[in-house]
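Structure record follows, encoded as structure tokens.
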Amino acid sequence: MRAALVFVATLAAPPAFAQAVPEQSSQAPAAGRVTGRVVTGYAELLPEAAVSLTGGPPPGRHLTAASGPRGDFTFDAVPPGVYTVAAAKPGYTALDVSDGTIRAAPTLVVREGDAVPDLDVTLRRAGSISGRVVKPDGTPAPDVWVVPAVRRNGALLMLFDVRATSEWDGRYAIGGLPPGEFLVVAVPSNRERVPEADLPDHLPSPPRDVPPTLYPGVPESQPGESVAVHEGLTTDGIDIWLSPAPQRFAVSGRAR
């Protein structure tokens with residue numbers, strides 16, 4: 001009887017290899033597709049523009065395409081993730097400051113197996129600002145950064161990516177600007193200074209102390225004067241007279 005009981009128990013116990021194990025899927029997520037057009041601010045189709053998707057995961061994924069004759073572009077096999085889309089073409093800019101904020105590359109989400117159609121990426125003909133930077137004594141101010149800026153919530157937001165540096169005669173030209181209203185700010189360059197003794201006699205020396213100066217020649221604490229940039233045009237004659245550095249005096253004596 002004892003042997004029979006053992007035999008029955010053995011039959012009732014399921015073998016270890018018969019237990020169900022959930023299958024692990026090694027299939028990659030289905031890729032998405034992004035299609036769209038590159039257009040101008042006037043809804044004109046823009047061919048031969050370089051279009052890019054940047055994002056991930058993993059971070060730093062970078063996909064590129066070129067717009068066709070009708071401004072169209074397609075990205076196939078885009079892995080799911082969050083991307084910024086940007087376009088570029090010589091003579092055009094993706095920046096937009098029409099409402100006082102700065103926008104460049106829009107963000108989109110590509111989901112698994114999804115399609116993102118009819119995406120319009122806008123480029124505008126770039127304008128420029130040019131003029132001279134002048135020291136308080138009227139001589140040219142070379143090697144000074146000239147930076148376009150906008151005020152947002154009372155703060156001065158400067159676009160260092162499109163700055164210019166004044167030449168030996170004080171002249172500068174800032175390109176790649178979208179249409180809009182800008183403040184123009186002169187600030188010290190971060191480049192290493194050349195000793196004045198090493199400069200040729202005919203070249204003016206860079207200013208030693210350059211407090212930030214807004215066009216036409218007021219300190220940063222004052223509003224400054226806006227400069228209008230029009231699409232595809234140059235606004236010339238924007239001369240900045242540097243504000244003199246604050247004077248500091250030492251006072252000594254004996255109180256009686």
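Each chain in the structure tokens gets a letter, A, B, ..., in the order shown, and its residues are numbered from 1; ligands are numbered from 1 in order too.
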(request) Using only C-alpha atoms, determine which residues lie at most 8 Å from Val187 in chain A, disregarding the query and same-chain residues fewer than 2 positions distant; provide the list as a ChimeraX atom specification. (result) /A:144-147,185,189,210-213
(request) Taking the DSSP assignment computed from this structure's backbone, write out as a PyMOL selection string all residues of range 49-240 of chain A that belong to strand (DSSP E or B). (result) chain A and resi 50-56+61-66+72-78+81-88+92-93+96+103+107-110+115-125+127-134+140+144-152+155-158+164-165+171-177+180-188+213-214+218-219+227-229+234-235+240
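For Pro90 in chain A, the non-local neighbours within 9 Å, defined as residues at least 3 positions apart in the same chain or in other chains and counting only C-alpha atoms, are Ala49, Thr93 and Ala126 of chain A.
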Generate a file of the selected residues that holds N, CA and C atoms, formatted as a short mmCIF file (atom, residue, chain, number, x, y, z; two decimals), in the first residue's frame.
```
data_model
loop_
_atom_site.label_atom_id
_atom_site.label_comp_id
_atom_site.auth_asym_id
_atom_site.auth_seq_id
_atom_site.Cartn_x
_atom_site.Cartn_y
_atom_site.Cartn_z
N ALA A 49 16.44 72.59 -49.37
CA ALA A 49 16.75 72.97 -47.98
C ALA A 49 17.19 71.72 -47.23
N THR A 93 16.62 82.03 -42.51
CA THR A 93 16.75 81.77 -41.09
C THR A 93 15.49 81.11 -40.56
N ALA A 126 16.70 86.00 -44.50
CA ALA A 126 17.42 86.63 -43.40
C ALA A 126 17.71 88.09 -43.70
#
```
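Put simply, CA of Pro80 in chain A is 8.4 Å away from CA of Asp114 in chain A.
For the residues A:Thr84, A:Ser130, A:Thr122, A:Ser226, ranking by smallest atom-to-atom distance to Arg151 in chain A using only C-alpha atoms places A:Ser226 first.
Shortest atom-to-atom contact with Leu183 in chain A among A:Glu48, A:Asp239, A:Glu225, A:Asp76: A:Glu225, counting only C-alpha atoms.
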